[in-house]
file target.txt (compact mmCIF, N, CA and C atoms)
# COMPACT_ATOMS: atom_id res chain seq x y z
N ARG A 1 0.81 -1.20 0.00
CA ARG A 1 0.00 0.00 0.00
C ARG A 1 0.85 1.26 0.00
N TYR A 2 1.93 1.26 0.78
CA TYR A 2 2.74 2.47 0.90
C TYR A 2 3.33 2.86 -0.46
N GLN A 3 3.83 1.87 -1.21
CA GLN A 3 4.41 2.16 -2.51
C GLN A 3 3.35 2.68 -3.48
N THR A 4 2.15 2.14 -3.41
CA THR A 4 1.05 2.62 -4.25
C THR A 4 0.74 4.07 -3.95
N CYS A 5 0.66 4.40 -2.66
CA CYS A 5 0.37 5.78 -2.27
C CYS A 5 1.52 6.71 -2.65
N THR A 6 2.74 6.21 -2.55
CA THR A 6 3.90 7.01 -2.96
C THR A 6 3.78 7.37 -4.44
N ALA A 7 3.49 6.38 -5.26
CA ALA A 7 3.35 6.64 -6.69
C ALA A 7 2.21 7.62 -6.95
N ASN A 8 1.10 7.48 -6.23
CA ASN A 8 -0.03 8.37 -6.45
C ASN A 8 0.26 9.81 -6.04
N VAL A 9 0.97 10.00 -4.95
CA VAL A 9 1.28 11.35 -4.49
C VAL A 9 2.33 12.01 -5.38
N LEU A 10 3.37 11.27 -5.75
CA LEU A 10 4.48 11.85 -6.49
C LEU A 10 4.33 11.79 -8.00
N CYS A 11 3.57 10.83 -8.48
CA CYS A 11 3.47 10.61 -9.92
C CYS A 11 2.08 10.05 -10.25
N PRO A 12 1.04 10.88 -10.05
CA PRO A 12 -0.33 10.37 -10.25
C PRO A 12 -0.58 9.92 -11.69
N PHE A 13 -1.41 8.92 -11.82
CA PHE A 13 -1.69 8.29 -13.11
C PHE A 13 -2.30 9.28 -14.10
N PRO A 14 -1.68 9.45 -15.26
CA PRO A 14 -2.28 10.31 -16.28
C PRO A 14 -3.68 9.81 -16.68
N GLU A 15 -3.87 8.49 -16.67
CA GLU A 15 -5.17 7.91 -17.05
C GLU A 15 -6.27 8.32 -16.08
N ALA A 16 -5.88 8.76 -14.88
CA ALA A 16 -6.85 9.20 -13.88
C ALA A 16 -6.83 10.72 -13.72
N GLY A 17 -6.27 11.40 -14.71
CA GLY A 17 -6.25 12.86 -14.68
C GLY A 17 -5.05 13.45 -13.97
N GLY A 18 -4.09 12.62 -13.58
CA GLY A 18 -2.91 13.11 -12.88
C GLY A 18 -1.85 13.62 -13.82
N ASP A 19 -0.84 14.25 -13.25
CA ASP A 19 0.28 14.77 -14.02
C ASP A 19 1.56 14.19 -13.44
N CYS A 20 2.09 13.19 -14.09
CA CYS A 20 3.30 12.51 -13.63
C CYS A 20 4.51 13.19 -14.26
N THR A 21 5.11 14.11 -13.50
CA THR A 21 6.24 14.88 -14.01
C THR A 21 7.53 14.06 -13.97
N THR A 22 8.53 14.53 -14.66
CA THR A 22 9.84 13.87 -14.62
C THR A 22 10.39 13.88 -13.20
N ALA A 23 10.24 14.99 -12.50
CA ALA A 23 10.72 15.07 -11.11
C ALA A 23 10.00 14.04 -10.23
N GLY A 24 8.69 13.88 -10.42
CA GLY A 24 7.93 12.88 -9.67
C GLY A 24 8.39 11.47 -9.99
N GLN A 25 8.60 11.19 -11.28
CA GLN A 25 9.09 9.87 -11.69
C GLN A 25 10.43 9.57 -11.04
N ASN A 26 11.33 10.56 -11.05
CA ASN A 26 12.65 10.35 -10.46
C ASN A 26 12.56 10.07 -8.96
N LYS A 27 11.67 10.77 -8.26
CA LYS A 27 11.53 10.53 -6.82
C LYS A 27 11.01 9.12 -6.55
N VAL A 28 10.05 8.68 -7.33
CA VAL A 28 9.50 7.32 -7.15
C VAL A 28 10.60 6.29 -7.39
N VAL A 29 11.37 6.45 -8.47
CA VAL A 29 12.44 5.50 -8.79
C VAL A 29 13.49 5.49 -7.68
N ASP A 30 13.89 6.68 -7.22
CA ASP A 30 14.88 6.75 -6.14
C ASP A 30 14.36 6.10 -4.87
N PHE A 31 13.09 6.31 -4.57
CA PHE A 31 12.49 5.71 -3.38
C PHE A 31 12.46 4.19 -3.48
N LEU A 32 12.02 3.68 -4.62
CA LEU A 32 11.94 2.23 -4.78
C LEU A 32 13.32 1.59 -4.71
N ALA A 33 14.30 2.23 -5.34
CA ALA A 33 15.66 1.70 -5.30
C ALA A 33 16.18 1.68 -3.86
N CYS A 34 15.89 2.69 -3.11
CA CYS A 34 16.34 2.77 -1.72
C CYS A 34 15.60 1.76 -0.83
N SER A 35 14.29 1.77 -0.92
CA SER A 35 13.48 0.98 0.02
C SER A 35 13.40 -0.50 -0.32
N GLU A 36 13.76 -0.86 -1.53
CA GLU A 36 13.69 -2.27 -1.92
C GLU A 36 15.05 -2.95 -1.94
N GLY A 37 16.02 -2.38 -1.25
CA GLY A 37 17.30 -3.06 -1.08
C GLY A 37 18.24 -2.97 -2.24
N MET A 38 18.23 -1.86 -2.93
CA MET A 38 19.18 -1.69 -4.01
C MET A 38 20.38 -0.94 -3.45
N PRO A 39 21.54 -1.04 -3.99
CA PRO A 39 21.89 -1.74 -5.21
C PRO A 39 21.84 -3.25 -5.05
N TYR A 40 22.15 -3.94 -6.13
CA TYR A 40 21.93 -5.38 -6.16
C TYR A 40 22.67 -6.16 -5.09
N ASP A 41 23.75 -5.61 -4.54
CA ASP A 41 24.46 -6.34 -3.49
C ASP A 41 23.64 -6.43 -2.21
N GLN A 42 22.59 -5.62 -2.11
CA GLN A 42 21.71 -5.66 -0.94
C GLN A 42 20.36 -6.32 -1.27
N GLN A 43 20.13 -6.62 -2.51
CA GLN A 43 18.84 -7.15 -2.93
C GLN A 43 18.51 -8.42 -2.16
N GLY A 44 17.26 -8.57 -1.79
CA GLY A 44 16.83 -9.75 -1.06
C GLY A 44 16.94 -9.58 0.44
N THR A 45 17.46 -8.45 0.88
CA THR A 45 17.58 -8.22 2.33
C THR A 45 16.61 -7.14 2.79
N THR A 46 15.68 -6.80 1.93
CA THR A 46 14.76 -5.71 2.20
C THR A 46 13.75 -6.07 3.30
N ASP A 47 13.46 -5.08 4.08
CA ASP A 47 12.44 -5.19 5.11
C ASP A 47 11.58 -3.94 5.01
N PHE A 48 10.29 -4.03 5.34
CA PHE A 48 9.43 -2.86 5.24
C PHE A 48 9.96 -1.71 6.09
N ALA A 49 10.71 -2.02 7.12
CA ALA A 49 11.30 -0.97 7.97
C ALA A 49 12.25 -0.09 7.17
N ASP A 50 12.77 -0.60 6.04
CA ASP A 50 13.65 0.21 5.19
C ASP A 50 12.90 1.37 4.54
N THR A 51 11.59 1.29 4.52
CA THR A 51 10.78 2.33 3.90
C THR A 51 10.96 3.67 4.59
N TRP A 52 10.95 3.67 5.91
CA TRP A 52 10.92 4.93 6.66
C TRP A 52 12.18 5.76 6.49
N PRO A 53 13.40 5.20 6.62
CA PRO A 53 14.58 6.05 6.40
C PRO A 53 14.65 6.59 4.97
N CYS A 54 14.21 5.79 4.01
CA CYS A 54 14.22 6.24 2.62
C CYS A 54 13.23 7.39 2.42
N ALA A 55 12.04 7.26 3.00
CA ALA A 55 11.05 8.33 2.90
C ALA A 55 11.56 9.60 3.57
N ASP A 56 12.18 9.46 4.73
CA ASP A 56 12.72 10.62 5.43
C ASP A 56 13.80 11.32 4.60
N GLU A 57 14.59 10.54 3.91
CA GLU A 57 15.69 11.09 3.11
C GLU A 57 15.18 11.78 1.85
N LEU A 58 14.13 11.23 1.22
CA LEU A 58 13.75 11.67 -0.12
C LEU A 58 12.52 12.57 -0.21
N PHE A 59 11.64 12.52 0.80
CA PHE A 59 10.36 13.22 0.68
C PHE A 59 10.27 14.41 1.62
N SER A 60 9.50 15.41 1.19
CA SER A 60 9.20 16.55 2.06
C SER A 60 8.20 16.10 3.12
N ASP A 61 8.04 16.91 4.16
CA ASP A 61 7.06 16.59 5.20
C ASP A 61 5.66 16.51 4.62
N ASP A 62 5.31 17.41 3.68
CA ASP A 62 3.98 17.37 3.06
C ASP A 62 3.78 16.09 2.26
N GLU A 63 4.80 15.69 1.52
CA GLU A 63 4.69 14.45 0.73
C GLU A 63 4.50 13.26 1.66
N LYS A 64 5.29 13.19 2.74
CA LYS A 64 5.14 12.07 3.68
C LYS A 64 3.77 12.07 4.32
N SER A 65 3.26 13.23 4.67
CA SER A 65 1.93 13.32 5.28
C SER A 65 0.85 12.84 4.31
N ASN A 66 0.93 13.25 3.06
CA ASN A 66 -0.05 12.83 2.05
C ASN A 66 0.02 11.33 1.79
N ILE A 67 1.24 10.79 1.77
CA ILE A 67 1.40 9.35 1.56
C ILE A 67 0.81 8.58 2.73
N LEU A 68 1.09 9.01 3.96
CA LEU A 68 0.56 8.32 5.14
C LEU A 68 -0.95 8.40 5.23
N SER A 69 -1.54 9.52 4.81
CA SER A 69 -3.01 9.65 4.81
C SER A 69 -3.64 8.61 3.89
N CYS A 70 -2.99 8.35 2.79
CA CYS A 70 -3.48 7.38 1.81
C CYS A 70 -3.24 5.96 2.29
N TYR A 71 -2.11 5.72 2.91
CA TYR A 71 -1.61 4.38 3.24
C TYR A 71 -2.46 3.64 4.28
N ASP A 72 -2.65 4.17 5.44
CA ASP A 72 -3.42 3.63 6.56
C ASP A 72 -3.68 2.11 6.50
N PRO A 73 -2.72 1.31 6.98
CA PRO A 73 -2.83 -0.15 6.87
C PRO A 73 -3.95 -0.76 7.71
N ASP A 74 -4.49 0.00 8.64
CA ASP A 74 -5.55 -0.53 9.51
C ASP A 74 -6.95 -0.27 8.97
N ASN A 75 -7.04 0.40 7.83
CA ASN A 75 -8.34 0.79 7.30
C ASN A 75 -8.56 0.10 5.95
N ALA A 76 -9.51 -0.83 5.92
CA ALA A 76 -9.81 -1.56 4.68
C ALA A 76 -10.40 -0.64 3.61
N GLU A 77 -10.84 0.55 4.01
CA GLU A 77 -11.41 1.51 3.07
C GLU A 77 -10.42 2.63 2.74
N ALA A 78 -9.17 2.47 3.13
CA ALA A 78 -8.16 3.51 2.89
C ALA A 78 -8.03 3.79 1.39
N PRO A 79 -7.65 5.01 1.03
CA PRO A 79 -7.48 5.33 -0.39
C PRO A 79 -6.56 4.36 -1.14
N ALA A 80 -5.59 3.79 -0.44
CA ALA A 80 -4.67 2.86 -1.10
C ALA A 80 -5.39 1.70 -1.75
N VAL A 81 -6.45 1.21 -1.12
CA VAL A 81 -7.18 0.06 -1.65
C VAL A 81 -7.81 0.42 -3.00
N ALA A 82 -8.44 1.58 -3.07
CA ALA A 82 -9.05 2.03 -4.33
C ALA A 82 -7.98 2.29 -5.39
N LEU A 83 -6.82 2.80 -4.97
CA LEU A 83 -5.74 3.06 -5.92
C LEU A 83 -5.20 1.77 -6.53
N ILE A 84 -5.08 0.74 -5.71
CA ILE A 84 -4.61 -0.55 -6.22
C ILE A 84 -5.61 -1.09 -7.24
N ASP A 85 -6.90 -0.98 -6.95
CA ASP A 85 -7.92 -1.39 -7.92
C ASP A 85 -7.83 -0.56 -9.20
N GLN A 86 -7.62 0.75 -9.03
CA GLN A 86 -7.52 1.64 -10.19
C GLN A 86 -6.31 1.26 -11.05
N MET A 87 -5.17 0.98 -10.41
CA MET A 87 -3.99 0.56 -11.17
C MET A 87 -4.27 -0.72 -11.94
N GLN A 88 -4.95 -1.65 -11.31
CA GLN A 88 -5.27 -2.90 -11.99
C GLN A 88 -6.19 -2.65 -13.18
N ASN A 89 -7.18 -1.78 -13.02
CA ASN A 89 -8.09 -1.47 -14.13
C ASN A 89 -7.35 -0.79 -15.29
N ILE A 90 -6.44 0.13 -14.97
CA ILE A 90 -5.65 0.80 -16.01
C ILE A 90 -4.78 -0.24 -16.74
N THR A 91 -4.16 -1.12 -15.97
CA THR A 91 -3.31 -2.16 -16.56
C THR A 91 -4.15 -3.09 -17.44
N ASP A 92 -5.31 -3.49 -16.94
CA ASP A 92 -6.17 -4.41 -17.70
C ASP A 92 -6.68 -3.80 -19.00
N SER A 93 -6.84 -2.46 -19.03
CA SER A 93 -7.39 -1.84 -20.24
C SER A 93 -6.32 -1.35 -21.21
N ALA A 94 -5.05 -1.56 -20.88
CA ALA A 94 -3.96 -1.11 -21.77
C ALA A 94 -4.02 -1.83 -23.10
N ASN A 95 -3.74 -1.08 -24.17
CA ASN A 95 -3.73 -1.65 -25.50
C ASN A 95 -2.48 -1.15 -26.21
N PRO A 96 -1.52 -2.03 -26.53
CA PRO A 96 -1.56 -3.47 -26.33
C PRO A 96 -1.50 -3.83 -24.85
N ALA A 97 -1.88 -5.07 -24.57
CA ALA A 97 -1.96 -5.55 -23.20
C ALA A 97 -0.59 -5.53 -22.53
N VAL A 98 -0.59 -5.26 -21.23
CA VAL A 98 0.64 -5.34 -20.43
C VAL A 98 0.92 -6.83 -20.19
N THR A 99 2.09 -7.27 -20.61
CA THR A 99 2.43 -8.70 -20.45
C THR A 99 3.71 -8.91 -19.66
N TYR A 100 4.40 -7.83 -19.29
CA TYR A 100 5.64 -7.95 -18.53
C TYR A 100 5.88 -6.64 -17.80
N PHE A 101 6.85 -6.65 -16.90
CA PHE A 101 7.20 -5.46 -16.15
C PHE A 101 8.71 -5.27 -16.21
N PRO A 102 9.21 -4.07 -16.44
CA PRO A 102 8.42 -2.86 -16.61
C PRO A 102 7.84 -2.78 -18.02
N ASP A 103 6.69 -2.19 -18.11
CA ASP A 103 6.02 -1.97 -19.39
C ASP A 103 6.38 -0.55 -19.83
N VAL A 104 7.32 -0.45 -20.75
CA VAL A 104 7.80 0.85 -21.22
C VAL A 104 7.11 1.15 -22.54
N ARG A 105 6.54 2.36 -22.63
CA ARG A 105 5.88 2.78 -23.86
C ARG A 105 6.46 4.11 -24.30
N ILE A 106 6.75 4.19 -25.58
CA ILE A 106 7.30 5.40 -26.17
C ILE A 106 6.30 5.87 -27.21
N ASP A 107 5.71 7.03 -26.97
CA ASP A 107 4.64 7.54 -27.83
C ASP A 107 3.53 6.51 -27.97
N GLY A 108 3.21 5.82 -26.89
CA GLY A 108 2.13 4.85 -26.88
C GLY A 108 2.48 3.49 -27.45
N VAL A 109 3.72 3.31 -27.93
CA VAL A 109 4.14 2.04 -28.51
C VAL A 109 4.94 1.27 -27.45
N GLN A 110 4.57 0.03 -27.26
CA GLN A 110 5.22 -0.81 -26.26
C GLN A 110 6.64 -1.14 -26.69
N TYR A 111 7.60 -0.91 -25.81
CA TYR A 111 9.00 -1.19 -26.08
C TYR A 111 9.36 -2.51 -25.41
N SER A 112 10.02 -3.41 -26.15
CA SER A 112 10.33 -4.72 -25.58
C SER A 112 11.81 -5.08 -25.67
N GLY A 113 12.65 -4.11 -25.96
CA GLY A 113 14.08 -4.40 -26.07
C GLY A 113 14.71 -4.61 -24.71
N SER A 114 15.92 -5.14 -24.73
CA SER A 114 16.59 -5.42 -23.46
C SER A 114 17.88 -4.64 -23.29
N SER A 115 18.34 -3.94 -24.31
CA SER A 115 19.60 -3.21 -24.16
C SER A 115 19.33 -1.73 -23.96
N SER A 116 20.15 -1.09 -23.14
CA SER A 116 19.98 0.34 -22.91
C SER A 116 20.30 1.12 -24.18
N TYR A 117 21.24 0.63 -24.99
CA TYR A 117 21.55 1.31 -26.25
C TYR A 117 20.31 1.36 -27.14
N ARG A 118 19.64 0.22 -27.27
CA ARG A 118 18.46 0.16 -28.13
C ARG A 118 17.33 1.03 -27.59
N LEU A 119 17.17 1.09 -26.27
CA LEU A 119 16.15 1.94 -25.67
C LEU A 119 16.43 3.41 -25.98
N VAL A 120 17.67 3.84 -25.78
CA VAL A 120 18.03 5.23 -26.07
C VAL A 120 17.82 5.53 -27.55
N LYS A 121 18.21 4.62 -28.41
CA LYS A 121 18.03 4.82 -29.85
C LYS A 121 16.55 4.95 -30.20
N THR A 122 15.71 4.12 -29.61
CA THR A 122 14.28 4.17 -29.88
C THR A 122 13.70 5.50 -29.42
N ILE A 123 14.10 5.95 -28.24
CA ILE A 123 13.64 7.25 -27.73
C ILE A 123 14.11 8.37 -28.65
N CYS A 124 15.37 8.32 -29.03
CA CYS A 124 15.93 9.37 -29.89
C CYS A 124 15.24 9.39 -31.26
N ASP A 125 14.95 8.22 -31.81
CA ASP A 125 14.26 8.15 -33.10
C ASP A 125 12.86 8.75 -33.00
N ALA A 126 12.22 8.60 -31.84
CA ALA A 126 10.86 9.11 -31.66
C ALA A 126 10.83 10.59 -31.28
N TYR A 127 11.95 11.13 -30.84
CA TYR A 127 12.01 12.51 -30.36
C TYR A 127 11.76 13.49 -31.49
N THR A 128 10.86 14.44 -31.28
CA THR A 128 10.51 15.39 -32.33
C THR A 128 10.82 16.83 -31.96
N GLY A 129 11.44 17.04 -30.81
CA GLY A 129 11.79 18.40 -30.38
C GLY A 129 12.87 19.01 -31.23
N ALA A 130 13.08 20.31 -31.05
CA ALA A 130 14.06 21.06 -31.84
C ALA A 130 15.49 20.61 -31.55
N ASN A 131 15.80 20.38 -30.27
CA ASN A 131 17.16 20.02 -29.88
C ASN A 131 17.16 18.65 -29.23
N LYS A 132 17.75 17.68 -29.91
CA LYS A 132 17.80 16.32 -29.35
C LYS A 132 18.65 16.30 -28.10
N PRO A 133 18.28 15.48 -27.12
CA PRO A 133 19.09 15.34 -25.90
C PRO A 133 20.51 14.86 -26.24
N ALA A 134 21.45 15.14 -25.36
CA ALA A 134 22.86 14.80 -25.59
C ALA A 134 23.04 13.30 -25.86
N ALA A 135 22.23 12.46 -25.22
CA ALA A 135 22.37 11.01 -25.40
C ALA A 135 22.10 10.58 -26.84
N CYS A 136 21.39 11.41 -27.58
CA CYS A 136 21.05 11.09 -28.98
C CYS A 136 22.21 11.41 -29.90

call {"tool": "encode", "arguments": {"input": "target.txt", "output": "structure tokens"}}
result
Amino acid sequence: RYQTCTANVLCPFPEAGGDCTTAGQNKVVDFLACSEGMPYDQQGTTDFADTWPCADELFSDDEKSNILSCYDPDNAEAPAVALIDQMQNITDSANPAVTYFPDVRIDGVQYSGSSSYRLVKTICDAYTGANKPAAC
């Protein structure tokens, strides 16, 4: 539930009218990497208690308060429950269907490559802005 609420506060679903900014995406990724025992030499040693120091390090007091309001593990009607259902409905209605994780889409097209070079190339090929990013 806590991770679901974190994603909703920092990177709300565009399908539900939210605006998931790059800054929000980066915070979610940094939080998950911290709280889930990354880097890989720590993987598999994660405990939910790791969540709190990571949240303290990465989130503002307002963000933590909003996440905790949503999270409430003692309330079966907490917003987190509805958010998990909403995520499942969004996933179920994706076209093409979500068949693996992470499901990366570039301009709505599902990306299935495994190399970072190919991912960057695909993004660069799809980029239509005036100035391509340095990676391109």

call {"tool": "select_by_dssp", "arguments": {"input": "target.txt", "residues": "chain A", "states": "helix (DSSP H, G or I)", "output": "JSON, numbers by chain"}}
result
{"A": [2, 3, 4, 5, 6, 7, 8, 9, 10, 14, 15, 16, 22, 23, 24, 25, 26, 27, 28, 29, 30, 31, 32, 33, 34, 35, 40, 41, 42, 48, 49, 50, 51, 52, 53, 54, 55, 56, 57, 58, 61, 62, 63, 64, 65, 66, 67, 68, 69, 70, 71, 79, 80, 81, 82, 83, 84, 85, 86, 87, 88, 89, 90, 91, 92, 116, 117, 118, 119, 120, 121, 122, 123, 124, 125, 126]}

call {"tool": "residues_near_point", "arguments": {"input": "target.txt", "point": "(16.2, 13.8, -4.3)", "cutoff": "8 Å", "atoms": "all atoms listed in the file", "output": "PyMOL selection string"}}
result
chain A and resi 26-27+30+57-59

call {"tool": "atom_distance", "arguments": {"input": "target.txt", "atom1": "atom C of Gln86 (chain A)", "atom2": "atom N of Glu15 (chain A)"}}
result
9.5 Å

call {"tool": "residues_around", "arguments": {"input": "target.txt", "residues": "Ala134 (chain A)", "least_positions_apart": "5", "cutoff": "12 Å", "atoms": "only C-alpha atoms", "output": "PyMOL selection string"}}
result
chain A and resi 120-121+124

call {"tool": "atom_distance", "arguments": {"input": "target.txt", "atom1": "CA of Pro73 (chain A)", "atom2": "atom C of Arg1 (chain A)"}}
result
7.9 Å

call {"tool": "atom_distance", "arguments": {"input": "target.txt", "atom1": "CA of Ala23 (chain A)", "atom2": "CA of Tyr100 (chain A)"}}
result
24.7 Å

call {"tool": "residues_around", "arguments": {"input": "target.txt", "residues": "Ala80 (chain A)", "least_positions_apart": "5", "cutoff": "8 Å", "atoms": "only N, CA and C atoms", "output": "MDAnalysis selection string"}}
result
chainID A and resid 1:2 4:5 69:72 75 85:86

call {"tool": "closest_residue", "arguments": {"input": "target.txt", "among": "A:Ser115, A:Asn66, A:Thr51, A:Thr128", "to": "Asn8 (chain A)", "atoms": "only C-alpha atoms"}}
result
A:Asn66

call {"tool": "closest_residue", "arguments": {"input": "target.txt", "among": "A:Leu10, A:Ala126, A:Ile106, A:Ala76", "to": "Gly24 (chain A)", "atoms": "only C-alpha atoms"}}
result
A:Leu10

call {"tool": "select_by_dssp", "arguments": {"input": "target.txt", "residues": "chain A", "states": "strand (DSSP E or B)", "output": "PyMOL selection string"}}
result
chain A and resi 104-106+109-111

call {"tool": "closest_residue", "arguments": {"input": "target.txt", "among": "A:Val9, A:Cys54, A:Gly108, A:Ala16", "to": "Phe31 (chain A)", "atoms": "only N, CA and C atoms"}}
result
A:Cys54

call {"tool": "residues_near_point", "arguments": {"input": "target.txt", "point": "(-4.4, 4.4, -16.8)", "cutoff": "6.5 Å", "atoms": "all atoms listed in the file", "output": "ChimeraX atom specification"}}
result
/A:13-16,89-91

call {"tool": "decode", "arguments": {"input": "target.txt", "residues": "region 4-26 of chain A", "atoms": "N, CA and C atoms", "output": "CSV table (one decimal), in the first residue's frame"}}
result
chain,number,residue,atom,x,y,z
A,4,THR,N,2.1,2.1,-3.4
A,4,THR,CA,1.1,2.6,-4.3
A,4,THR,C,0.7,4.1,-3.9
A,5,CYS,N,0.7,4.4,-2.7
A,5,CYS,CA,0.4,5.8,-2.3
A,5,CYS,C,1.5,6.7,-2.6
A,6,THR,N,2.7,6.2,-2.6
A,6,THR,CA,3.9,7.0,-3.0
A,6,THR,C,3.8,7.4,-4.4
A,7,ALA,N,3.5,6.4,-5.3
A,7,ALA,CA,3.3,6.6,-6.7
A,7,ALA,C,2.2,7.6,-6.9
A,8,ASN,N,1.1,7.5,-6.2
A,8,ASN,CA,0.0,8.4,-6.5
A,8,ASN,C,0.3,9.8,-6.0
A,9,VAL,N,1.0,10.0,-5.0
A,9,VAL,CA,1.3,11.4,-4.5
A,9,VAL,C,2.3,12.0,-5.4
A,10,LEU,N,3.4,11.3,-5.8
A,10,LEU,CA,4.5,11.9,-6.5
A,10,LEU,C,4.3,11.8,-8.0
A,11,CYS,N,3.6,10.8,-8.5
A,11,CYS,CA,3.5,10.6,-9.9
A,11,CYS,C,2.1,10.1,-10.3
A,12,PRO,N,1.0,10.9,-10.1
A,12,PRO,CA,-0.3,10.4,-10.2
A,12,PRO,C,-0.6,9.9,-11.7
A,13,PHE,N,-1.4,8.9,-11.8
A,13,PHE,CA,-1.7,8.3,-13.1
A,13,PHE,C,-2.3,9.3,-14.1
A,14,PRO,N,-1.7,9.5,-15.3
A,14,PRO,CA,-2.3,10.3,-16.3
A,14,PRO,C,-3.7,9.8,-16.7
A,15,GLU,N,-3.9,8.5,-16.7
A,15,GLU,CA,-5.2,7.9,-17.0
A,15,GLU,C,-6.3,8.3,-16.1
A,16,ALA,N,-5.9,8.8,-14.9
A,16,ALA,CA,-6.9,9.2,-13.9
A,16,ALA,C,-6.8,10.7,-13.7
A,17,GLY,N,-6.3,11.4,-14.7
A,17,GLY,CA,-6.2,12.9,-14.7
A,17,GLY,C,-5.1,13.5,-14.0
A,18,GLY,N,-4.1,12.6,-13.6
A,18,GLY,CA,-2.9,13.1,-12.9
A,18,GLY,C,-1.8,13.6,-13.8
A,19,ASP,N,-0.8,14.3,-13.2
A,19,ASP,CA,0.3,14.8,-14.0
A,19,ASP,C,1.6,14.2,-13.4
A,20,CYS,N,2.1,13.2,-14.1
A,20,CYS,CA,3.3,12.5,-13.6
A,20,CYS,C,4.5,13.2,-14.3
A,21,THR,N,5.1,14.1,-13.5
A,21,THR,CA,6.2,14.9,-14.0
A,21,THR,C,7.5,14.1,-14.0
A,22,THR,N,8.5,14.5,-14.7
A,22,THR,CA,9.8,13.9,-14.6
A,22,THR,C,10.4,13.9,-13.2
A,23,ALA,N,10.2,15.0,-12.5
A,23,ALA,CA,10.7,15.1,-11.1
A,23,ALA,C,10.0,14.0,-10.2
A,24,GLY,N,8.7,13.9,-10.4
A,24,GLY,CA,7.9,12.9,-9.7
A,24,GLY,C,8.4,11.5,-10.0
A,25,GLN,N,8.6,11.2,-11.3
A,25,GLN,CA,9.1,9.9,-11.7
A,25,GLN,C,10.4,9.6,-11.0
A,26,ASN,N,11.3,10.6,-11.1
A,26,ASN,CA,12.6,10.3,-10.5
A,26,ASN,C,12.6,10.1,-9.0
